>>> print(open('final-v1.txt').read())   # compact mmCIF, C-alpha atoms
# COMPACT_ATOMS: atom_id res chain seq x y z
CA MET A 8 -124.02 -18.57 -147.77
CA SER A 9 -124.86 -15.95 -145.16
CA THR A 10 -128.12 -15.93 -143.21
CA HIS A 11 -128.79 -12.46 -144.62
CA SER A 12 -128.78 -13.74 -148.21
CA LEU A 13 -131.40 -16.39 -147.34
CA VAL A 14 -133.95 -13.83 -146.15
CA GLN A 15 -136.70 -13.40 -148.76
CA LYS A 16 -136.69 -9.84 -150.05
CA LYS A 17 -139.94 -7.91 -150.43
CA VAL A 18 -140.20 -5.98 -153.69
CA LEU A 19 -143.12 -3.63 -154.39
CA VAL A 20 -144.16 -3.24 -158.06
CA VAL A 21 -146.43 -0.33 -158.99
CA PRO A 22 -147.70 0.31 -162.55
CA LEU A 23 -149.10 3.60 -163.82
CA ASP A 24 -152.87 3.59 -164.41
CA TRP A 25 -152.67 4.78 -168.05
CA GLY A 26 -154.39 2.18 -170.20
CA LEU A 27 -153.39 -1.39 -169.35
CA GLY A 28 -149.94 -1.35 -170.93
CA HIS A 29 -147.92 -0.50 -167.84
CA ALA A 30 -149.56 -3.32 -165.89
CA THR A 31 -149.06 -5.89 -168.65
CA ARG A 32 -145.43 -5.03 -169.37
CA ASP A 33 -144.64 -5.46 -165.67
CA ILE A 34 -145.80 -9.10 -165.80
CA PRO A 35 -142.46 -10.51 -167.08
CA LEU A 36 -140.60 -8.45 -164.47
CA ILE A 37 -142.82 -9.86 -161.71
CA HIS A 38 -142.22 -13.42 -162.97
CA GLU A 39 -138.47 -12.83 -162.90
CA LEU A 40 -138.60 -11.37 -159.37
CA LEU A 41 -140.51 -14.47 -158.23
CA ASN A 42 -137.99 -16.72 -160.01
CA ALA A 43 -135.22 -14.89 -158.14
CA GLY A 44 -136.86 -15.80 -154.82
CA CYS A 45 -138.41 -12.44 -153.98
CA GLU A 46 -141.73 -11.88 -152.25
CA VAL A 47 -143.57 -9.53 -154.60
CA LEU A 48 -146.23 -7.04 -153.57
CA ILE A 49 -148.26 -5.09 -156.14
CA ALA A 50 -149.99 -1.74 -155.64
CA ALA A 51 -152.90 -1.01 -157.98
CA GLU A 52 -156.65 -0.53 -158.15
CA GLY A 53 -159.56 -1.03 -160.54
CA LYS A 54 -158.98 -2.87 -163.81
CA HIS A 55 -155.20 -2.83 -163.32
CA ALA A 56 -155.60 -4.71 -160.03
CA ALA A 57 -158.10 -7.06 -161.72
CA LEU A 58 -155.66 -7.87 -164.54
CA LEU A 59 -152.70 -8.48 -162.24
CA SER A 60 -154.81 -10.49 -159.79
CA ARG A 61 -155.78 -12.84 -162.64
CA GLU A 62 -152.15 -13.30 -163.64
CA PHE A 63 -150.84 -13.60 -160.05
CA PRO A 64 -153.61 -14.85 -157.74
CA GLN A 65 -151.02 -15.67 -155.06
CA ILE A 66 -149.68 -12.09 -154.81
CA THR A 67 -151.03 -9.52 -152.35
CA ILE A 68 -152.33 -6.43 -154.13
CA LEU A 69 -152.26 -3.28 -152.01
CA PRO A 70 -154.88 -0.63 -152.82
CA LEU A 71 -153.22 2.55 -154.10
CA PRO A 72 -155.19 5.19 -156.03
CA GLY A 73 -153.86 5.95 -159.49
CA TYR A 74 -153.46 9.37 -161.05
CA GLN A 75 -156.97 8.92 -162.50
CA ILE A 76 -156.27 11.17 -165.47
CA GLN A 77 -159.33 12.16 -167.46
CA TYR A 78 -159.13 12.25 -171.24
CA SER A 79 -160.72 14.42 -173.88
CA GLN A 80 -163.42 13.03 -176.15
CA LYS A 81 -161.77 14.89 -179.04
CA GLY A 82 -158.14 14.16 -179.83
CA LEU A 83 -157.43 17.84 -180.56
CA PHE A 84 -157.84 18.72 -176.88
CA PHE A 85 -156.04 15.65 -175.50
CA GLY A 86 -152.82 17.47 -174.55
CA LEU A 87 -154.64 20.49 -173.12
CA LYS A 88 -156.79 18.22 -170.94
CA ILE A 89 -153.64 16.59 -169.51
CA VAL A 90 -151.99 19.96 -168.78
CA GLN A 91 -155.11 21.10 -166.91
CA GLN A 92 -154.74 18.12 -164.58
CA ILE A 93 -151.11 18.72 -163.58
CA PRO A 94 -152.13 20.03 -160.10
CA LYS A 95 -154.10 16.81 -159.53
CA ILE A 96 -151.08 14.73 -160.60
CA TRP A 97 -148.78 16.63 -158.22
CA LYS A 98 -151.25 15.99 -155.40
CA ALA A 99 -151.24 12.26 -156.25
CA ILE A 100 -147.41 12.24 -156.24
CA ARG A 101 -147.36 13.78 -152.74
CA TYR A 102 -149.90 11.19 -151.58
CA GLU A 103 -147.91 8.23 -152.92
CA GLN A 104 -144.79 9.60 -151.23
CA ALA A 105 -146.51 9.51 -147.83
CA TRP A 106 -148.12 6.15 -148.65
CA LEU A 107 -144.77 4.58 -149.53
CA ARG A 108 -143.11 5.77 -146.32
CA LYS A 109 -145.89 4.08 -144.34
CA MET A 110 -145.72 0.85 -146.38
CA VAL A 111 -141.94 0.59 -145.99
CA ALA A 112 -142.27 1.09 -142.23
CA ASP A 113 -145.25 -1.26 -141.80
CA LEU A 114 -144.39 -4.06 -144.24
CA GLY A 115 -140.59 -4.00 -144.37
CA ILE A 116 -140.39 -3.46 -148.13
CA ASN A 117 -136.81 -3.85 -149.41
CA ALA A 118 -137.13 -2.32 -152.89
CA VAL A 119 -139.59 -0.60 -155.22
CA ILE A 120 -140.08 -0.87 -158.99
CA SER A 121 -142.23 2.03 -160.15
CA ASP A 122 -143.49 1.92 -163.72
CA ASN A 123 -143.80 5.61 -164.55
CA ARG A 124 -145.19 6.71 -161.17
CA PHE A 125 -143.21 9.69 -159.98
CA GLY A 126 -143.58 9.63 -156.18
CA LEU A 127 -142.46 6.11 -155.30
CA TYR A 128 -138.87 6.78 -154.26
CA HIS A 129 -137.53 6.32 -150.72
CA PRO A 130 -134.21 7.42 -149.19
CA ASP A 131 -133.52 4.11 -147.42
CA ILE A 132 -134.21 1.46 -150.09
CA PRO A 133 -133.38 0.94 -153.80
CA CYS A 134 -136.12 2.34 -156.02
CA VAL A 135 -136.27 1.83 -159.80
CA PHE A 136 -138.16 4.03 -162.27
CA ILE A 137 -139.29 2.37 -165.53
CA SER A 138 -140.03 4.51 -168.59
CA HIS A 139 -139.67 4.52 -172.36
CA GLN A 140 -140.60 8.22 -172.44
CA LEU A 141 -137.53 10.20 -171.45
CA LEU A 142 -138.61 12.76 -174.02
CA ILE A 143 -142.35 13.36 -173.59
CA LYS A 144 -144.06 14.21 -176.87
CA THR A 145 -146.79 16.88 -176.75
CA PRO A 146 -149.03 18.52 -179.36
CA PHE A 147 -147.33 21.83 -178.51
CA GLY A 148 -143.84 20.93 -179.74
CA GLY A 149 -140.27 21.80 -178.80
CA PHE A 150 -140.38 24.27 -175.89
CA THR A 151 -143.07 22.33 -174.02
CA GLU A 152 -141.27 19.03 -174.61
CA ARG A 153 -137.96 20.42 -173.30
CA ALA A 154 -139.68 21.84 -170.20
CA LEU A 155 -141.43 18.52 -169.52
CA GLN A 156 -138.17 16.64 -170.00
CA ARG A 157 -136.50 18.76 -167.30
CA ILE A 158 -139.36 18.00 -164.89
CA ASN A 159 -139.27 14.33 -165.90
CA TYR A 160 -135.53 14.05 -165.21
CA LYS A 161 -135.89 15.90 -161.90
CA TYR A 162 -138.12 13.09 -160.64
CA ILE A 163 -136.30 10.22 -162.37
CA ASN A 164 -132.97 11.26 -160.83
CA ARG A 165 -134.51 10.85 -157.35
CA TYR A 166 -134.62 7.11 -158.03
CA SER A 167 -131.70 4.71 -157.63
CA ALA A 168 -131.97 3.56 -161.25
CA CYS A 169 -133.87 4.11 -164.49
CA TRP A 170 -134.78 1.08 -166.60
CA ILE A 171 -135.76 1.64 -170.24
CA PRO A 172 -137.75 -1.10 -172.02
CA ASP A 173 -136.01 -0.88 -175.40
CA PHE A 174 -132.69 -1.61 -177.06
CA ALA A 175 -129.88 0.91 -176.71
CA GLY A 176 -128.89 0.95 -180.37
CA GLU A 177 -130.49 0.31 -183.76
CA PRO A 178 -132.97 -1.11 -184.41
CA ASN A 179 -135.22 0.10 -181.63
CA LEU A 180 -138.95 0.65 -181.07
CA SER A 181 -139.09 4.01 -179.32
CA GLY A 182 -136.99 6.29 -181.52
CA VAL A 183 -136.19 9.63 -179.92
CA LEU A 184 -138.52 8.98 -176.95
CA ALA A 185 -136.02 6.70 -175.19
CA HIS A 186 -132.88 7.80 -177.04
CA PRO A 187 -132.53 11.52 -176.25
CA THR A 188 -129.23 13.39 -176.40
CA THR A 189 -128.77 13.18 -172.62
CA LEU A 190 -129.89 10.25 -170.47
CA PRO A 191 -130.85 10.34 -166.78
CA GLU A 192 -128.37 9.04 -164.23
CA HIS A 193 -128.01 5.28 -163.64
CA THR A 194 -129.83 4.29 -166.84
CA THR A 195 -130.05 0.70 -168.13
CA TYR A 196 -131.77 -0.49 -171.32
CA LEU A 197 -133.84 -3.63 -170.66
CA GLY A 198 -134.38 -4.65 -174.26
CA CYS A 199 -137.84 -5.82 -175.27
CA LEU A 200 -140.14 -6.31 -172.28
CA SER A 201 -142.90 -8.70 -173.32
CA ARG A 202 -144.81 -11.40 -171.46
CA PHE A 203 -145.28 -13.36 -174.71
CA GLU A 204 -143.25 -16.22 -176.22
CA PRO A 205 -142.94 -17.19 -179.91
CA MET A 206 -143.96 -20.75 -180.81
CA GLU A 207 -143.52 -22.83 -183.95
CA ASN A 208 -146.23 -24.34 -186.16
CA VAL A 209 -149.23 -22.53 -184.66
CA GLU A 210 -152.40 -23.17 -186.66
CA LYS A 211 -153.90 -19.99 -188.15
CA LYS A 212 -157.43 -19.34 -186.85
CA TYR A 213 -158.05 -15.67 -187.63
CA ASP A 214 -157.59 -13.30 -190.53
CA LEU A 215 -157.57 -10.46 -188.01
CA LEU A 216 -157.00 -10.05 -184.29
CA ALA A 217 -158.16 -6.64 -183.06
CA LEU A 218 -156.88 -5.43 -179.69
CA ILE A 219 -158.97 -2.57 -178.32
CA SER A 220 -157.19 -0.66 -175.58
CA GLY A 221 -156.35 2.71 -174.10
CA PRO A 222 -158.07 5.30 -171.95
CA GLU A 223 -161.76 6.08 -172.17
CA PRO A 224 -163.55 7.45 -174.10
CA GLN A 225 -161.16 6.61 -176.94
CA ARG A 226 -161.21 2.87 -176.18
CA THR A 227 -164.98 2.81 -176.73
CA ASN A 228 -164.72 5.04 -179.83
CA LEU A 229 -162.40 2.58 -181.56
CA GLU A 230 -164.46 -0.41 -180.45
CA GLU A 231 -167.66 1.03 -181.94
CA LEU A 232 -165.88 1.99 -185.17
CA LEU A 233 -164.42 -1.49 -185.60
CA LEU A 234 -167.59 -3.41 -184.69
CA ALA A 235 -169.58 -1.49 -187.29
CA GLN A 236 -167.04 -2.17 -190.05
CA VAL A 237 -165.97 -5.76 -189.37
CA LYS A 238 -169.54 -7.00 -189.86
CA GLN A 239 -169.52 -5.59 -193.40
CA ILE A 240 -166.67 -7.84 -194.61
CA PRO A 241 -168.03 -11.22 -195.74
CA GLY A 242 -166.04 -14.33 -194.83
CA MET A 243 -163.84 -12.50 -192.32
CA LYS A 244 -162.54 -14.64 -189.47
CA ALA A 245 -161.75 -12.27 -186.64
CA LEU A 246 -161.31 -12.05 -182.89
CA ILE A 247 -161.90 -8.73 -181.15
CA VAL A 248 -160.48 -8.28 -177.63
CA SER A 249 -162.21 -5.35 -175.94
CA GLY A 250 -159.61 -4.59 -173.27
CA ARG A 251 -162.05 -4.91 -170.35
CA PRO A 252 -160.47 -7.21 -167.72
CA ASP A 253 -163.20 -6.19 -165.27
CA GLN A 254 -165.76 -8.05 -167.43
CA VAL A 255 -166.18 -11.66 -168.55
CA GLU A 256 -167.95 -11.92 -171.89
CA LYS A 257 -167.62 -13.80 -175.18
CA ARG A 258 -170.06 -13.58 -178.08
CA GLU A 259 -170.25 -14.16 -181.81
CA ILE A 260 -171.22 -10.80 -183.32
CA ALA A 261 -171.23 -12.02 -186.94
CA PRO A 262 -170.49 -15.36 -188.63
CA GLY A 263 -166.84 -16.14 -187.82
CA VAL A 264 -166.35 -12.90 -185.84
CA PHE A 265 -166.00 -13.25 -182.07
CA GLN A 266 -165.70 -10.60 -179.37
CA VAL A 267 -164.24 -11.23 -175.91
CA SER A 268 -163.91 -8.75 -173.07
CA HIS A 269 -160.39 -9.84 -172.08
CA LEU A 270 -157.81 -12.59 -172.59
CA GLY A 271 -155.18 -13.71 -170.12
CA ALA A 272 -151.54 -13.64 -171.16
CA LYS A 273 -151.41 -17.27 -172.37
CA GLU A 274 -154.63 -17.01 -174.40
CA LEU A 275 -153.63 -13.66 -175.94
CA ASN A 276 -150.18 -15.01 -176.80
CA GLU A 277 -151.82 -17.91 -178.65
CA ALA A 278 -154.38 -15.66 -180.37
CA MET A 279 -151.65 -13.35 -181.70
CA LEU A 280 -149.69 -16.27 -183.10
CA ALA A 281 -152.87 -17.71 -184.67
CA SER A 282 -153.67 -14.47 -186.55
CA ASP A 283 -152.48 -13.29 -189.96
CA MET A 284 -152.79 -9.62 -189.02
CA VAL A 285 -153.11 -7.68 -185.76
CA LEU A 286 -154.94 -4.38 -185.42
CA SER A 287 -154.15 -2.31 -182.34
CA ARG A 288 -153.28 1.04 -180.86
CA SER A 289 -149.63 2.05 -181.10
CA GLY A 290 -149.32 1.68 -177.33
CA TYR A 291 -145.75 0.88 -176.46
CA THR A 292 -146.38 -2.39 -174.62
CA THR A 293 -148.35 -3.74 -177.59
CA LEU A 294 -145.49 -2.75 -179.91
CA MET A 295 -143.03 -4.75 -177.81
CA ASP A 296 -145.36 -7.76 -177.93
CA LEU A 297 -145.69 -7.48 -181.72
CA ALA A 298 -141.93 -7.16 -182.16
CA LYS A 299 -141.15 -10.17 -180.00
CA LEU A 300 -143.68 -12.34 -181.85
CA ASN A 301 -142.64 -10.89 -185.24
CA LYS A 302 -146.25 -10.04 -186.16
CA LYS A 303 -147.54 -7.77 -188.90
CA ALA A 304 -149.87 -5.08 -187.62
CA ILE A 305 -152.13 -2.17 -188.48
CA LEU A 306 -151.66 0.59 -185.91
CA ILE A 307 -154.30 3.20 -185.02
CA PRO A 308 -152.78 5.74 -182.61
CA THR A 309 -155.06 7.10 -179.90
CA PRO A 310 -156.24 10.49 -181.28
CA GLY A 311 -154.34 13.41 -179.76
CA GLN A 312 -151.93 11.17 -177.84
CA SER A 313 -148.68 12.56 -179.21
CA GLU A 314 -146.53 9.62 -178.10
CA GLN A 315 -148.66 7.11 -180.00
CA GLU A 316 -148.90 9.36 -183.06
CA TYR A 317 -145.11 9.71 -183.11
CA LEU A 318 -144.58 5.95 -182.69
CA GLY A 319 -147.06 5.16 -185.47
CA LYS A 320 -145.26 7.44 -187.93
CA TYR A 321 -141.76 6.41 -186.81
CA LEU A 322 -142.44 2.67 -187.05
CA MET A 323 -144.24 2.99 -190.40
CA GLN A 324 -141.24 4.90 -191.80
CA LYS A 325 -139.03 2.05 -190.57
CA GLY A 326 -141.35 -0.42 -192.30
CA TYR A 327 -142.08 -2.42 -189.15
CA PHE A 328 -145.83 -1.69 -189.02
CA TYR A 329 -148.58 -0.01 -191.07
CA SER A 330 -150.18 3.00 -189.34
CA LEU A 331 -153.05 5.36 -190.05
CA PRO A 332 -155.04 7.93 -188.02
CA GLN A 333 -158.39 6.94 -186.56
CA HIS A 334 -160.34 9.58 -188.51
CA GLN A 335 -159.13 7.96 -191.77
CA PHE A 336 -159.74 4.39 -190.63
CA ASN A 337 -161.56 2.10 -193.02
CA LEU A 338 -161.02 -1.57 -192.21
CA GLN A 339 -161.56 -2.90 -195.73
CA LYS A 340 -159.20 -0.33 -197.28
CA ALA A 341 -156.58 -0.91 -194.58
CA LEU A 342 -156.62 -4.67 -195.18
CA GLU A 343 -156.12 -4.03 -198.90
CA ALA A 344 -153.28 -1.56 -198.25
CA VAL A 345 -151.28 -3.95 -196.07
CA LYS A 346 -151.22 -6.54 -198.88
CA THR A 347 -148.68 -4.36 -200.71
CA PHE A 348 -146.98 -2.73 -197.69
CA PRO A 349 -143.30 -3.82 -197.56
CA PHE A 350 -143.24 -5.07 -193.96
CA THR A 351 -139.71 -5.20 -192.54
CA THR A 352 -138.98 -7.79 -189.86
CA PHE A 353 -137.83 -6.26 -186.57
CA GLN A 354 -134.39 -7.85 -186.69
CA HIS A 355 -133.16 -7.15 -183.19
CA GLY A 356 -130.04 -9.30 -183.00
CA GLN A 357 -129.98 -8.52 -179.28
CA ASP A 358 -131.24 -10.80 -176.54
CA MET A 359 -135.04 -10.65 -176.13
CA GLU A 360 -134.53 -11.96 -172.59
CA ALA A 361 -132.02 -9.25 -171.62
CA TYR A 362 -134.31 -7.88 -168.89
CA LYS A 363 -133.90 -11.11 -166.90
CA LYS A 364 -130.20 -10.43 -166.33
CA VAL A 365 -130.98 -6.87 -165.20
CA VAL A 366 -133.56 -8.11 -162.67
CA GLN A 367 -131.25 -10.86 -161.39
CA SER A 368 -128.40 -8.37 -160.88
CA PHE A 369 -130.78 -5.97 -159.10
CA VAL A 370 -132.03 -8.67 -156.71
CA LYS A 371 -128.44 -9.61 -155.79
CA THR A 372 -127.87 -6.06 -154.51
CA LEU A 373 -130.78 -6.22 -152.05
>>> encode(input="final-v1.txt", output="structure tokens")
Amino acid sequence: MSTHSLVQKKVLVVPLDWGLGHATRDIPLIHELLNAGCEVLIAAEGKHAALLSREFPQITILPLPGYQIQYSQKGLFFGLKIVQQIPKIWKAIRYEQAWLRKMVADLGINAVISDNRFGLYHPDIPCVFISHQLLIKTPFGGFTERALQRINYKYINRYSACWIPDFAGEPNLSGVLAHPTTLPEHTTYLGCLSRFEPMENVEKKYDLLALISGPEPQRTNLEELLLAQVKQIPGMKALIVSGRPDQVEKREIAPGVFQVSHLGAKELNEAMLASDMVLSRSGYTTLMDLAKLNKKAILIPTPGQSEQEYLGKYLMQKGYFYSLPQHQFNLQKALEAVKTFPFTTFQHGQDMEAYKKVVQSFVKTL
């Protein structure tokens, strides 16, 4: 074995600051990089840094500002609010370009894995772009989506590779989002990317596990809606996870109904397996977790977030999950409806650990 191959490679992992999903889905990739003998660095801030620091206390987290996208209170204006912030996003992309050049020079970084951040490519080292949104859904439809796809591909093709967290064929979780007519260059499907593991004979503790997540103010809107309704159902055993890793809180809000600010990966894995039904946003990372654990779920897409609305409808049509819009949400009625919903198991047939081989092959090229 050559001396060169024994040198520990430094790999920088950077998640997008959109909800917590990008940070959580990068956890299995980070574990696999560590297993492959890499030194991993993470760039993040705020609650994303807090979450990853809890999972990986031994890893250095470099401060890097996110895109800090602001969201509309009303779902109707969600897309418009994003479009208004495009100049701010471009400015952030230019900043992360300069930041990465400095980090590569100062720290000797050998490779970058960027989860949906557009400016983290470098001419001298391998850089991977992760995305399940090759086609970006918008409230404005076809022309806007085609224009955004061209911009998306322009950036993605500046990277050495594009990794897609989904299966290439049927069945899949992302539908047209990650299976467009034309793919970017150097594309690889990772399969399901989940930090969770199925386990046998787990004792059921909860009728319902509610996972509150997503950008503010919609995270708080769903939390308030759910808290008001869950207290009205007598005998309900429920656990509500508020999606606030920056806080540490646990309280019983009604007999048998508990609320926690955040759960680590191991605790959340166990809570999902111990629940009859999961209620969550149709965020893509959560969908991968549900599929891997083969859980039934009620999905409530973030209002106005076209990607989540599309995924909710697509996956309900496939029979994998039950979905309804937030403005129609009634917990008691939803729990009645799922009793007769013909849930279809997500029979993947493919390897749920496929991403490990992709990471191992990538590390060998460094």
>>> residues_around(input="final-v1.txt", residues="Arg258 of chain A", least_positions_apart="4", cutoff="7 Å", atoms="only C-alpha atoms", output="JSON list (two decimals) with C-alpha atoms, in the frame of the given file")
[["chain", "number", "residue", "atom", "x", "y", "z"],
["A", 265, "PHE", "CA", -166.00, -13.25, -182.07],
["A", 266, "GLN", "CA", -165.70, -10.60, -179.37],
["A", 267, "VAL", "CA", -164.24, -11.23, -175.91]]
>>> atom_distance(input="final-v1.txt", atom1="atom CA of Ile219 of chain A", atom2="atom CA of Ile120 of chain A")
27.1 Å
>>> atom_distance(input="final-v1.txt", atom1="atom CA of Lys212 of chain A", atom2="atom CA of Gln315 of chain A")
28.7 Å
>>> closest_residue(input="final-v1.txt", among="A:Leu229, A:Ala168, A:Leu69, A:Val237", to="Leu306 of chain A", atoms="only C-alpha atoms")
A:Leu229
>>> closest_atom_pairs(input="final-v1.txt", of="segment 93-140 of chain A", to="segment 147-164 of chain A", cutoff="10 Å", atoms="all atoms listed in the file", output="JSON lines")
{"residue": "A:Asn123", "atom": "CA", "partner": "A:Ile163", "partner_atom": "CA", "distance": 9.1}
{"residue": "A:Arg124", "atom": "CA", "partner": "A:Tyr162", "partner_atom": "CA", "distance": 9.5}
{"residue": "A:Phe125", "atom": "CA", "partner": "A:Tyr162", "partner_atom": "CA", "distance": 6.2}
{"residue": "A:Gly126", "atom": "CA", "partner": "A:Tyr162", "partner_atom": "CA", "distance": 7.9}
{"residue": "A:Leu127", "atom": "CA", "partner": "A:Tyr162", "partner_atom": "CA", "distance": 9.8}
{"residue": "A:Tyr128", "atom": "CA", "partner": "A:Tyr162", "partner_atom": "CA", "distance": 9.0}
{"residue": "A:Val135", "atom": "CA", "partner": "A:Ile163", "partner_atom": "CA", "distance": 8.8}
{"residue": "A:Phe136", "atom": "CA", "partner": "A:Ile163", "partner_atom": "CA", "distance": 6.5}
{"residue": "A:Ile137", "atom": "CA", "partner": "A:Ile163", "partner_atom": "CA", "distance": 9.0}
{"residue": "A:Ser138", "atom": "CA", "partner": "A:Ile163", "partner_atom": "CA", "distance": 9.2}
{"residue": "A:Gln140", "atom": "CA", "partner": "A:Asn159", "partner_atom": "CA", "distance": 9.0}
>>> residues_around(input="final-v1.txt", residues="Lys95 of chain A", least_positions_apart="6", cutoff="9 Å", atoms="only C-alpha atoms", output="list in words")
Tyr74, Gln75 and Ile76 of chain A
>>> write_last_selection(input="final-v1.txt", atoms="C-alpha atoms", output="short mmCIF file (atom, residue, chain, number, x, y, z; two decimals), in the coordinates of the input")
data_model
loop_
_atom_site.label_atom_id
_atom_site.label_comp_id
_atom_site.auth_asym_id
_atom_site.auth_seq_id
_atom_site.Cartn_x
_atom_site.Cartn_y
_atom_site.Cartn_z
CA TYR A 74 -153.46 9.37 -161.05
CA GLN A 75 -156.97 8.92 -162.50
CA ILE A 76 -156.27 11.17 -165.47
#
>>> build_atoms(input="final-v1.txt", residues="segment 171-182 of chain A", atoms="N, CA and C atoms", output="short mmCIF file (atom, residue, chain, number, x, y, z; two decimals), in the frame of the given file")
data_model
loop_
_atom_site.label_atom_id
_atom_site.label_comp_id
_atom_site.auth_asym_id
_atom_site.auth_seq_id
_atom_site.Cartn_x
_atom_site.Cartn_y
_atom_site.Cartn_z
N ILE A 171 -135.06 1.27 -169.00
CA ILE A 171 -135.76 1.64 -170.24
C ILE A 171 -136.09 0.37 -171.03
N PRO A 172 -137.37 0.09 -171.26
CA PRO A 172 -137.75 -1.10 -172.02
C PRO A 172 -137.58 -0.90 -173.52
N ASP A 173 -136.35 -0.98 -173.98
CA ASP A 173 -136.01 -0.88 -175.40
C ASP A 173 -134.55 -1.26 -175.55
N PHE A 174 -134.10 -1.35 -176.79
CA PHE A 174 -132.69 -1.61 -177.06
C PHE A 174 -131.93 -0.29 -177.16
N ALA A 175 -130.67 -0.32 -176.74
CA ALA A 175 -129.88 0.91 -176.71
C ALA A 175 -129.56 1.43 -178.10
N GLY A 176 -129.28 0.53 -179.03
CA GLY A 176 -128.89 0.95 -180.37
C GLY A 176 -129.97 0.69 -181.40
N GLU A 177 -129.56 0.63 -182.67
CA GLU A 177 -130.49 0.31 -183.76
C GLU A 177 -130.51 -1.21 -183.98
N PRO A 178 -131.67 -1.78 -184.35
CA PRO A 178 -132.97 -1.11 -184.41
C PRO A 178 -133.58 -0.99 -183.02
N ASN A 179 -134.50 -0.04 -182.88
CA ASN A 179 -135.22 0.10 -181.63
C ASN A 179 -136.67 0.48 -181.92
N LEU A 180 -137.51 0.42 -180.90
CA LEU A 180 -138.95 0.65 -181.07
C LEU A 180 -139.40 2.04 -180.69
N SER A 181 -138.60 2.75 -179.90
CA SER A 181 -139.09 4.01 -179.32
C SER A 181 -138.54 5.26 -179.98
N GLY A 182 -137.55 5.12 -180.86
CA GLY A 182 -136.99 6.29 -181.52
C GLY A 182 -136.43 7.29 -180.53
#
